[in-house]
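Just work.txt here, compact mmCIF, C-alpha atoms:
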```txt
# COMPACT_ATOMS: atom_id res chain seq x y z
CA MET O 238 112.03 180.27 126.59
CA SER O 239 109.81 179.04 129.42
CA ASP O 240 109.93 175.39 130.58
CA GLY O 241 106.22 175.15 129.84
CA LYS O 242 105.19 174.31 133.41
CA THR O 243 102.93 177.37 133.37
CA GLY O 244 101.81 179.67 130.57
CA LEU O 245 99.51 182.53 129.64
CA GLN O 246 95.97 181.79 128.49
CA LEU O 247 93.47 184.27 127.01
CA ARG O 248 90.14 184.32 128.87
CA SER O 249 86.72 185.80 128.08
CA LEU O 250 84.48 186.59 131.07
CA LEU O 251 80.92 187.91 130.84
CA LYS O 252 79.88 189.43 134.16
CA LYS O 253 76.32 189.49 135.49
CA GLY O 254 76.53 193.28 135.55
CA GLY O 255 76.69 193.30 131.73
CA GLU O 256 80.42 193.76 131.20
CA LEU O 257 82.67 191.65 128.97
CA GLU O 258 86.25 191.26 130.27
CA LEU O 259 89.14 189.89 128.19
CA SER O 260 92.38 189.15 130.02
CA LEU O 261 95.50 186.97 130.15
CA VAL O 262 95.79 184.50 133.02
CA ASP O 263 98.90 182.51 134.01
CA VAL O 264 97.79 178.88 134.35
CA PRO O 265 99.66 175.67 135.25
CA THR O 266 100.21 173.24 132.35
CA PRO O 267 98.82 169.80 133.36
CA GLU O 268 101.46 167.04 133.30
CA PRO O 269 100.76 164.62 130.43
CA ALA O 270 99.09 161.28 131.20
CA ASP O 271 100.34 158.16 129.35
CA ASP O 272 98.38 158.97 126.18
CA GLU O 273 98.94 162.76 126.24
CA VAL O 274 101.46 165.30 124.99
CA VAL O 275 102.30 168.90 125.95
CA VAL O 276 102.35 171.25 122.95
CA ARG O 277 103.95 174.70 122.80
CA VAL O 278 101.29 176.56 120.79
CA GLU O 279 102.84 178.60 117.95
CA ALA O 280 99.86 179.29 115.66
CA THR O 281 96.11 179.57 116.24
CA PRO O 282 93.69 181.42 113.93
CA ILE O 283 90.94 183.89 114.83
CA ASN O 284 87.90 182.33 113.13
CA PRO O 285 84.34 183.77 113.21
CA SER O 286 83.41 180.81 115.44
CA ASP O 287 86.10 181.94 117.93
CA LEU O 288 84.83 185.53 117.88
CA GLY O 289 81.41 184.30 118.99
CA LEU O 290 82.95 183.20 122.31
CA LEU O 291 85.70 185.82 122.56
CA ILE O 292 83.59 188.95 121.93
CA GLY O 293 80.08 187.82 120.95
CA PRO O 294 77.59 190.69 120.63
CA ALA O 295 79.55 193.05 122.98
CA ASP O 296 79.46 196.71 121.97
CA MET O 297 83.15 197.23 121.18
CA SER O 298 82.60 200.97 120.68
CA THR O 299 82.52 201.04 124.51
CA ALA O 300 85.78 199.04 124.84
CA GLN O 301 88.50 200.28 127.18
CA VAL O 302 91.89 198.83 128.01
CA SER O 303 93.58 198.80 131.42
CA GLY O 304 96.32 196.76 133.11
CA SER O 305 99.92 196.64 131.86
CA GLN O 306 101.44 196.08 128.42
CA GLU O 307 102.32 192.52 129.48
CA ALA O 308 98.89 191.84 131.01
CA PRO O 309 96.27 194.04 129.30
CA VAL O 310 92.61 193.84 130.35
CA VAL O 311 89.89 194.85 127.86
CA THR O 312 86.37 195.65 129.06
CA ALA O 313 83.25 196.44 127.02
CA LYS O 314 79.51 196.74 127.61
CA MET O 315 77.11 193.96 126.58
CA PRO O 316 73.62 194.93 125.29
CA GLU O 317 70.80 193.89 127.62
CA ALA O 318 69.12 191.54 125.09
CA ALA O 319 72.41 189.73 124.43
CA LEU O 320 72.94 189.29 128.15
CA ARG O 321 69.66 187.37 128.47
CA MET O 322 70.67 185.12 125.54
CA MET O 323 73.99 184.30 127.17
CA ALA O 324 72.73 183.63 130.70
CA ALA O 325 74.39 180.19 130.73
CA ARG O 326 77.93 181.65 130.56
CA LEU O 327 77.60 184.53 133.05
CA ASP O 328 80.48 184.91 135.55
CA GLN O 329 82.50 182.06 134.01
CA SER O 330 86.04 182.81 132.85
CA LEU O 331 86.22 180.87 129.57
CA PRO O 332 89.32 179.94 127.51
CA VAL O 333 89.10 180.65 123.77
CA GLY O 334 90.43 179.20 120.49
CA ASN O 335 89.08 176.12 118.71
CA GLU O 336 92.14 174.95 116.79
CA GLY O 337 95.87 175.50 116.53
CA ALA O 338 99.30 174.01 115.95
CA GLY O 339 102.66 173.88 117.67
CA VAL O 340 105.60 171.74 118.80
CA VAL O 341 105.43 168.77 121.21
CA ILE O 342 107.77 169.55 124.14
CA ARG O 343 106.82 166.76 126.63
CA THR O 344 105.03 163.43 126.29
CA GLY O 345 103.37 160.71 128.31
CA SER O 346 104.78 157.18 128.46
CA SER O 347 102.79 155.51 125.65
CA ASP O 348 104.60 154.70 122.37
CA ALA O 349 102.14 156.83 120.40
CA ALA O 350 102.84 159.84 122.65
CA LYS O 351 106.63 159.35 122.64
CA ALA O 352 106.66 159.13 118.83
CA LEU O 353 105.43 162.75 118.69
CA MET O 354 108.27 164.27 120.76
CA GLY O 355 109.70 167.34 118.98
CA LYS O 356 107.17 167.05 116.13
CA ASN O 357 104.99 169.79 114.68
CA VAL O 358 101.34 168.90 115.30
CA SER O 359 97.94 170.45 114.70
CA MET O 360 95.22 170.26 117.38
CA ILE O 361 91.49 170.62 118.00
CA GLY O 362 89.89 170.91 121.42
CA GLY O 363 89.47 174.51 122.58
CA ALA O 364 91.60 176.79 124.78
CA MET O 365 94.16 177.26 121.98
CA TYR O 366 94.78 180.95 122.74
CA ALA O 367 97.36 179.77 125.26
CA GLN O 368 101.11 179.24 125.36
CA TYR O 369 100.86 175.52 126.23
CA ARG O 370 98.22 172.81 125.79
CA THR O 371 98.17 169.28 127.21
CA MET O 372 96.37 167.17 124.61
CA LYS O 373 95.30 163.56 124.11
CA VAL O 374 97.22 161.91 121.26
CA ARG O 375 93.95 161.27 119.39
CA ASP O 376 93.23 165.03 119.26
CA VAL O 377 96.50 165.96 117.56
CA MET O 378 97.66 165.25 114.04
CA GLU O 379 101.34 165.10 113.13
CA LEU O 380 101.95 167.61 110.36
CA PRO O 381 103.55 166.37 107.14
CA ALA O 382 107.32 166.91 106.78
CA GLY O 383 108.17 170.48 105.78
CA THR O 384 104.90 171.87 107.21
CA THR O 385 105.16 174.65 109.83
CA PRO O 386 102.70 175.26 112.69
CA ALA O 387 101.42 178.30 110.72
CA ASP O 388 100.72 175.99 107.72
CA GLY O 389 98.77 173.61 109.97
CA ALA O 390 97.00 176.05 112.29
CA SER O 391 93.71 176.10 110.34
CA TRP O 392 93.64 172.39 109.49
CA PHE O 393 90.29 171.62 111.10
CA VAL O 394 87.44 174.18 111.18
CA ASN O 395 87.52 175.60 107.63
CA PRO O 396 88.81 172.52 105.73
CA LEU O 397 86.39 170.09 107.39
CA THR O 398 83.52 172.58 107.07
CA ALA O 399 84.20 172.91 103.32
CA LEU O 400 84.46 169.13 102.90
CA GLY O 401 81.36 168.75 105.11
CA MET O 402 79.42 170.93 102.68
CA THR O 403 80.25 168.84 99.62
CA GLU O 404 79.68 165.65 101.62
CA THR O 405 76.25 166.90 102.82
CA MET O 406 75.40 167.80 99.22
CA ARG O 407 76.14 164.22 98.09
CA ARG O 408 74.39 162.54 101.03
CA GLU O 409 71.22 164.59 100.47
CA ASN O 410 71.16 163.87 96.72
CA HIS O 411 72.00 167.32 95.34
CA LYS O 412 74.49 167.69 92.48
CA ALA O 413 75.78 171.26 92.88
CA LEU O 414 75.80 173.92 95.59
CA VAL O 415 75.63 177.64 96.41
CA HIS O 416 77.87 179.42 98.94
CA THR O 417 77.55 182.95 100.35
CA ALA O 418 80.33 185.24 101.68
CA ALA O 419 82.18 183.14 99.15
CA ALA O 420 85.55 184.95 98.99
CA SER O 421 86.44 184.04 102.58
CA ASN O 422 89.31 181.63 103.39
CA LEU O 423 86.66 178.91 103.68
CA GLY O 424 85.04 179.97 100.40
CA GLN O 425 88.36 179.79 98.57
CA MET O 426 88.94 176.28 99.93
CA LEU O 427 85.45 175.24 98.82
CA ASN O 428 86.19 176.48 95.29
CA LYS O 429 89.42 174.48 95.15
CA ILE O 430 87.60 171.33 96.34
CA CYS O 431 84.77 171.80 93.82
CA ILE O 432 87.17 172.48 90.92
CA LYS O 433 89.23 169.39 91.86
CA ASP O 434 86.17 167.15 92.38
CA GLY O 435 84.18 168.44 89.38
CA ILE O 436 81.31 169.88 91.46
CA GLY O 437 79.26 172.87 90.25
CA LEU O 438 79.52 175.80 92.67
CA VAL O 439 77.71 179.15 92.63
CA ASN O 440 79.58 181.81 94.64
CA ILE O 441 77.69 184.81 96.05
CA VAL O 442 79.87 187.82 96.93
CA ARG O 443 79.30 191.48 97.78
CA SER O 444 81.85 193.33 95.65
CA LYS O 445 83.91 193.22 92.45
CA GLU O 446 87.09 192.84 94.57
CA GLN O 447 85.70 189.66 96.12
CA ALA O 448 84.65 188.37 92.70
CA ASP O 449 88.20 189.00 91.41
CA ILE O 450 89.68 186.91 94.27
CA LEU O 451 87.55 183.93 93.20
CA HIS O 452 88.02 184.35 89.44
CA LYS O 453 91.81 184.30 90.03
CA ILE O 454 91.60 180.82 91.56
CA GLY O 455 89.43 179.50 88.73
CA ALA O 456 85.87 179.98 90.01
CA LYS O 457 83.38 179.80 87.15
CA HIS O 458 80.11 181.08 88.65
CA VAL O 459 80.43 184.25 90.76
CA VAL O 460 77.46 186.59 91.32
CA ASP O 461 77.43 189.92 93.19
CA SER O 462 74.48 190.39 95.57
CA THR O 463 74.86 194.19 95.36
CA ALA O 464 74.33 194.27 91.55
CA ASP O 465 70.95 195.33 90.11
CA SER O 466 71.00 192.15 88.00
CA PHE O 467 71.66 189.88 91.02
CA MET O 468 68.45 187.79 90.85
CA ASP O 469 68.83 187.22 87.09
CA ASP O 470 72.55 186.45 87.43
CA LEU O 471 71.90 183.99 90.25
CA THR O 472 69.06 182.27 88.37
CA GLY O 473 71.29 181.89 85.30
CA ALA O 474 74.08 180.30 87.38
CA LEU O 475 71.56 177.94 89.02
CA VAL O 476 70.18 176.85 85.62
CA GLU O 477 73.74 176.14 84.42
CA THR O 478 74.87 174.22 87.52
CA GLY O 479 71.60 172.65 88.70
CA ALA O 480 72.47 173.70 92.28
CA THR O 481 69.61 173.00 94.73
CA ILE O 482 71.44 173.26 98.08
CA ALA O 483 73.02 176.38 99.59
CA PHE O 484 75.26 177.11 102.59
CA ASP O 485 74.72 180.61 103.90
CA ALA O 486 77.22 182.36 106.17
CA ILE O 487 75.17 185.58 106.33
CA GLY O 488 72.03 184.33 108.10
CA GLY O 489 70.09 187.58 108.50
CA GLY O 490 68.14 189.58 105.92
CA LYS O 491 66.67 188.46 102.61
CA LEU O 492 69.48 186.44 101.05
CA ALA O 493 68.33 182.91 102.04
CA GLY O 494 64.88 183.66 100.63
CA GLN O 495 66.33 185.14 97.44
CA ILE O 496 68.38 181.97 96.90
CA LEU O 497 65.28 179.76 97.29
CA THR O 498 63.29 182.05 94.94
CA CYS O 499 65.97 181.81 92.24
CA MET O 500 66.23 178.03 92.71
CA GLU O 501 62.47 177.82 92.14
CA ILE O 502 62.64 179.99 88.98
CA ALA O 503 65.54 177.86 87.71
CA ALA O 504 63.58 174.63 88.41
CA ASN O 505 60.50 175.94 86.59
CA LYS O 506 62.56 176.84 83.52
CA THR O 507 63.29 173.16 83.01
CA ALA O 508 59.97 171.77 84.33
CA LYS O 509 57.87 169.64 81.95
CA GLU O 510 54.50 170.73 83.37
CA TYR O 511 52.99 173.47 85.55
CA SER O 512 52.09 172.83 89.21
CA ARG O 513 50.20 175.36 91.30
CA TYR O 514 52.19 174.16 94.34
CA GLY O 515 55.47 175.14 92.69
CA SER O 516 58.13 172.83 91.36
CA ASN O 517 58.63 169.41 92.92
CA VAL O 518 62.42 169.99 93.05
CA TYR O 519 63.55 170.02 96.69
CA LYS O 520 65.49 173.19 97.56
CA GLN O 521 67.54 173.51 100.77
CA VAL O 522 69.34 176.42 102.42
CA TYR O 523 71.55 175.67 105.43
CA ILE O 524 72.49 178.68 107.55
CA TYR O 525 75.88 178.04 109.13
CA GLY O 526 76.96 181.56 110.12
CA SER O 527 75.66 184.89 111.37
CA LEU O 528 77.58 187.64 109.61
CA ASP O 529 74.23 189.48 109.69
CA ASN O 530 72.49 189.18 113.08
CA ARG O 531 69.09 190.43 111.85
CA PRO O 532 66.11 188.03 111.49
CA THR O 533 66.06 185.78 108.43
CA GLU O 534 63.36 187.03 106.02
CA LEU O 535 61.58 184.56 103.75
CA SER O 536 59.17 185.96 101.14
CA ARG O 537 57.90 182.41 100.29
CA ALA O 538 57.81 182.85 96.53
CA PHE O 539 59.26 179.39 96.01
CA GLY O 540 56.50 176.81 96.21
CA LEU O 541 56.26 174.26 99.01
CA THR O 542 59.20 171.93 98.35
CA TRP O 543 61.97 173.55 100.36
CA GLY O 544 63.74 173.67 103.69
CA VAL O 545 65.76 176.15 105.73
CA GLY O 546 67.82 174.83 108.62
CA GLY O 547 70.98 175.26 110.61
CA TRP O 548 74.22 173.41 109.83
CA LEU O 549 77.12 172.94 112.23
CA LEU O 550 80.35 171.02 111.74
CA THR O 551 80.39 169.05 115.02
CA PRO O 552 76.92 167.42 114.69
CA PHE O 553 77.75 166.61 111.05
CA LEU O 554 80.97 164.83 112.09
CA GLN O 555 79.13 162.93 114.83
CA LYS O 556 76.64 161.76 112.21
CA ILE O 557 79.23 160.43 109.75
CA GLY O 558 81.36 158.64 112.39
CA PRO O 559 85.10 158.06 113.03
CA ALA O 560 85.94 156.11 109.83
CA GLU O 561 84.58 158.84 107.53
CA ILE O 562 86.15 161.59 109.67
CA GLY O 563 89.47 159.75 109.28
CA LYS O 564 89.17 159.89 105.48
CA LEU O 565 88.41 163.62 105.52
CA ARG O 566 91.33 164.32 107.89
CA GLN O 567 93.66 162.35 105.63
CA ARG O 568 92.63 164.42 102.63
CA VAL O 569 93.26 167.65 104.56
CA ALA O 570 96.72 166.45 105.63
CA SER O 571 97.72 165.54 102.08
CA GLU O 572 96.47 168.87 100.58
CA LEU O 573 97.42 171.22 103.43
CA LYS O 574 99.65 173.43 101.27
CA THR O 575 97.36 173.43 98.21
CA THR O 576 93.58 173.03 98.50
CA PHE O 577 93.51 173.81 102.22
CA ALA O 578 96.14 176.57 102.45
CA SER O 579 95.05 179.53 104.61
CA HIS O 580 96.32 183.07 104.15
CA TYR O 581 96.90 185.41 107.08
CA THR O 582 97.36 189.16 106.96
CA ARG O 583 98.83 189.52 110.45
CA VAL O 584 100.55 187.42 113.14
CA VAL O 585 100.01 188.76 116.67
CA SER O 586 101.03 187.81 120.22
CA LEU O 587 98.45 187.21 122.97
CA GLN O 588 99.04 190.77 124.23
CA GLU O 589 98.64 192.20 120.70
CA THR O 590 95.37 190.25 120.33
CA LEU O 591 93.99 192.48 123.10
CA GLN O 592 95.06 195.79 121.52
CA LEU O 593 91.93 197.78 120.66
CA SER O 594 93.31 198.70 117.20
CA ASN O 595 93.70 194.98 116.34
CA ILE O 596 90.29 194.03 117.80
CA ALA O 597 88.69 196.71 115.60
CA VAL O 598 90.13 194.98 112.51
CA TYR O 599 89.57 191.27 113.23
CA ASN O 600 86.14 191.77 114.80
CA LYS O 601 84.89 193.24 111.48
CA ARG O 602 85.34 189.74 109.94
CA SER O 603 86.28 191.32 106.61
CA THR O 604 87.23 189.21 103.61
CA GLY O 605 91.00 189.31 103.17
CA GLU O 606 91.74 190.16 106.83
CA LYS O 607 92.70 187.00 108.72
CA PHE O 608 94.66 187.10 111.97
CA LEU O 609 96.92 184.34 113.31
CA ILE O 610 97.91 184.35 116.98
CA ASN O 611 101.35 183.06 118.01
CA PRO O 612 100.99 182.78 121.82
CA ASN O 613 104.76 182.31 122.11
CA LYS O 614 105.69 185.23 119.82
CA GLY O 615 108.66 187.07 121.31
CA THR O 616 109.22 184.58 124.18
```

Give the structure from this file in structure tokens form.
Amino acid sequence: MSDGKTGLQLRSLLKKGGELELSLVDVPTPEPADDEVVVRVEATPINPSDLGLLIGPADMSTAQVSGSQEAPVVTAKMPEAALRMMAARLDQSLPVGNEGAGVVIRTGSSDAAKALMGKNVSMIGGAMYAQYRTMKVRDVMELPAGTTPADGASWFVNPLTALGMTETMRRENHKALVHTAAASNLGQMLNKICIKDGIGLVNIVRSKEQADILHKIGAKHVVDSTADSFMDDLTGALVETGATIAFDAIGGGKLAGQILTCMEIAANKTAKEYSRYGSNVYKQVYIYGSLDNRPTELSRAFGLTWGVGGWLLTPFLQKIGPAEIGKLRQRVASELKTTFASHYTRVVSLQETLQLSNIAVYNKRSTGEKFLINPNKGT
């Protein structure tokens, strides 16, 4: 076991010439200041938000691997249009990984830092695909007794996004919501929250297998977007729940517009009088992901009382402020092994993260395939 003075870190570099390079770099671990701790990272998930920085729109069919087994280097070509979009990050070697968990191995001199020595903690703050991280005490959360780093690795992005969705619903005066790509880890968490809190939730999936995953955990309204009866099924679920806000992970194609159309049909079924401008029920779709990179198509068959916008976790948290964030974090900590449990299909080392066979699987972002990196696996 290393002393943690230096450690490997996974880097993503996009060169001006149009080539993406993924590599492992040995970096010094900064000594902790008074209010900081050094964490040996033992679990960090590969989320879609991480893949945006790690791989982005690179053409992985062109990927090649060189270097040694201990220090592999992956290169791939970047399409010209994507290169223009990412001009701001060209020729910068960027660390990856939004969240993670591990064990505190050194601390600064403050009482709060010293109290964490030897404890399992979860962290947010980037550069988590690394063997060691020096963190401010305020950016780590001590994990409850009996909780492993793997249990706490996904404590932030998915749980707070799911809670952010129900919180946004309440704050914007909606009473039920719609979620797409709904059988994901995040989607399963959202179902557990909504069941527990008595919130109506309409789940949109793309296959019977995904529907089965959700029915098993108690989801009531699940509709399949590939079914011929999709629009009717969705409208029926919207009438039953009264959902007028949706969170869409797909982004591209017709789905956002179809959701608004069905919301409008559902609103008109209960309307007292006809209006040529459509119903006066406000309908909102927030796009928070890009599983489909095509343009968003709106057929505008849903009146004039609607909105489509983007939704991101960080601006939402900034809006609600530290006290409210504290309440949400507390809920996550107390329900880490139940509502907010994540399931992983594979645990890989940093070197295994760069194997082309593994990249091919996790870069597909398939439901039911979730990778966890243990940067210290095998050390």

Would you pick out the contacts of region 240-243 of chain O at 7 Å or less, using all atoms listed in the file, so that residues sharing its chain but fewer than 5 positions from it are not included, and give the list as a compact mmCIF listing (two decimals) with C-alpha atoms, in the frame of the given file?
```txt
# COMPACT_ATOMS: atom_id res chain seq x y z
CA ASP O 263 98.90 182.51 134.01
CA VAL O 264 97.79 178.88 134.35
CA PRO O 265 99.66 175.67 135.25
CA THR O 266 100.21 173.24 132.35
CA TYR O 369 100.86 175.52 126.23
```

Neighbouring residues of region 564-573 of chain O were defined as those with any atom within 9 Å, considering all atoms listed in the file; residues of the same chain fewer than 5 positions away were excluded. Please report them as an MDAnalysis selection string.
chainID O and resid 378:381 384 388:389 392:393 396:397 400:401 559 578:579

Written file, previous selection with C-alpha atoms, as a PDB file, keeping the file's coordinate frame:
```
ATOM      1  CA  MET O 378      97.660 165.250 114.040  1.00  0.00           C
ATOM      2  CA  GLU O 379     101.340 165.100 113.130  1.00  0.00           C
ATOM      3  CA  LEU O 380     101.950 167.610 110.360  1.00  0.00           C
ATOM      4  CA  PRO O 381     103.550 166.370 107.140  1.00  0.00           C
ATOM      5  CA  THR O 384     104.900 171.870 107.210  1.00  0.00           C
ATOM      6  CA  ASP O 388     100.720 175.990 107.720  1.00  0.00           C
ATOM      7  CA  GLY O 389      98.770 173.610 109.970  1.00  0.00           C
ATOM      8  CA  TRP O 392      93.640 172.390 109.490  1.00  0.00           C
ATOM      9  CA  PHE O 393      90.290 171.620 111.100  1.00  0.00           C
ATOM     10  CA  PRO O 396      88.810 172.520 105.730  1.00  0.00           C
ATOM     11  CA  LEU O 397      86.390 170.090 107.390  1.00  0.00           C
ATOM     12  CA  LEU O 400      84.460 169.130 102.900  1.00  0.00           C
ATOM     13  CA  GLY O 401      81.360 168.750 105.110  1.00  0.00           C
ATOM     14  CA  PRO O 559      85.100 158.060 113.030  1.00  0.00           C
ATOM     15  CA  ALA O 578      96.140 176.570 102.450  1.00  0.00           C
ATOM     16  CA  SER O 579      95.050 179.530 104.610  1.00  0.00           C
TER      17      SER O 579
END
```

Tell me, counting only C-alpha atoms, for each residue of region 511-602 of chain O within 10 Å of region 295-299 of chain O, which pair of atoms is nearest and how far apart they are in Å to one decimal, in rows ordered by chain and increasing number, as a tab-separated table.
```
residue	atom	partner	partner_atom	distance
O:Leu593	CA	O:Met297	CA	8.8
O:Ile596	CA	O:Met297	CA	8.5
O:Ala597	CA	O:Met297	CA	7.9
O:Asn600	CA	O:Met297	CA	8.9
```

Residues near Gly544 (chain O), cut-off 10 Å, only C-alpha atoms, skip fewer than 3 positions along chain, as a VMD selection string
chain O and resid 482 497 519 to 523 541

Just write the chosen residues, C-alpha atoms, as a tab-separated table (two decimals), in the coordinates of the input.
```
chain	number	residue	atom	x	y	z
O	482	ILE	CA	71.44	173.26	98.08
O	497	LEU	CA	65.28	179.76	97.29
O	519	TYR	CA	63.55	170.02	96.69
O	520	LYS	CA	65.49	173.19	97.56
O	521	GLN	CA	67.54	173.51	100.77
O	522	VAL	CA	69.34	176.42	102.42
O	523	TYR	CA	71.55	175.67	105.43
O	541	LEU	CA	56.26	174.26	99.01
```

If you take every atom of region 332-347 of chain O that the file lists and fit an axis-aligned box around them with 4 Å extra on each side, what centre and edge lengths come out in Å to one decimal, as JSON?
```
{"center_x": 98.4, "center_y": 168.1, "center_z": 122.2, "size_x": 26.7, "size_y": 33.1, "size_z": 20.5}
```

Mind giving me the straight-line distance from CA of Val584 (chain O) to CA of Leu259 (chain O) in Å, one decimal?
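Straight-line distance from CA of Val584 (chain O) to CA of Leu259 (chain O) works out to 19.0 Å.
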
Shell of 6 Å around region 339-343 of chain O, all atoms listed in the file, local chain residues under 5 positions omitted, as a JSON list (two decimals) with C-alpha atoms, keeping the file's coordinate frame:
```
[["chain", "number", "residue", "atom", "x", "y", "z"],
["O", 274, "VAL", "CA", 101.46, 165.30, 124.99],
["O", 275, "VAL", "CA", 102.30, 168.90, 125.95],
["O", 276, "VAL", "CA", 102.35, 171.25, 122.95],
["O", 277, "ARG", "CA", 103.95, 174.70, 122.80],
["O", 278, "VAL", "CA", 101.29, 176.56, 120.79],
["O", 279, "GLU", "CA", 102.84, 178.60, 117.95],
["O", 354, "MET", "CA", 108.27, 164.27, 120.76],
["O", 355, "GLY", "CA", 109.70, 167.34, 118.98],
["O", 356, "LYS", "CA", 107.17, 167.05, 116.13],
["O", 357, "ASN", "CA", 104.99, 169.79, 114.68],
["O", 358, "VAL", "CA", 101.34, 168.90, 115.30],
["O", 386, "PRO", "CA", 102.70, 175.26, 112.69]]
```

Proximity to Ile454 (chain O) - best of O:Ser303, O:Asn428, O:Ser330, O:Thr371, all atoms listed in the file:
O:Asn428

Take region 343-366 of chain O from the block and save it with C-alpha atoms, as a short mmCIF file (atom, residue, chain, number, x, y, z; two decimals), in the first residue's frame.
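The resulting file, selection27.cif, is shown below:
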```
data_model
loop_
_atom_site.label_atom_id
_atom_site.label_comp_id
_atom_site.auth_asym_id
_atom_site.auth_seq_id
_atom_site.Cartn_x
_atom_site.Cartn_y
_atom_site.Cartn_z
CA ARG O 343 -4.21 12.03 6.88
CA THR O 344 -5.78 15.17 8.32
CA GLY O 345 -5.10 18.83 8.95
CA SER O 346 -4.88 20.25 12.48
CA SER O 347 -8.48 21.41 12.99
CA ASP O 348 -10.74 19.40 15.34
CA ALA O 349 -13.24 18.79 12.54
CA ALA O 350 -10.49 17.36 10.30
CA LYS O 351 -8.94 15.23 13.07
CA ALA O 352 -12.34 13.76 13.94
CA LEU O 353 -12.46 12.17 10.46
CA MET O 354 -9.17 10.23 10.74
CA GLY O 355 -9.69 6.60 9.65
CA LYS O 356 -13.36 7.22 8.79
CA ASN O 357 -15.18 6.26 5.61
CA VAL O 358 -16.34 9.45 3.87
CA SER O 359 -18.11 10.39 0.65
CA MET O 360 -16.93 13.38 -1.41
CA ILE O 361 -17.93 15.81 -4.14
CA GLY O 362 -15.54 18.09 -6.00
CA GLY O 363 -14.16 16.54 -9.18
CA ALA O 364 -10.94 14.62 -9.96
CA MET O 365 -12.26 11.51 -8.18
CA TYR O 366 -10.77 9.06 -10.71
#
```
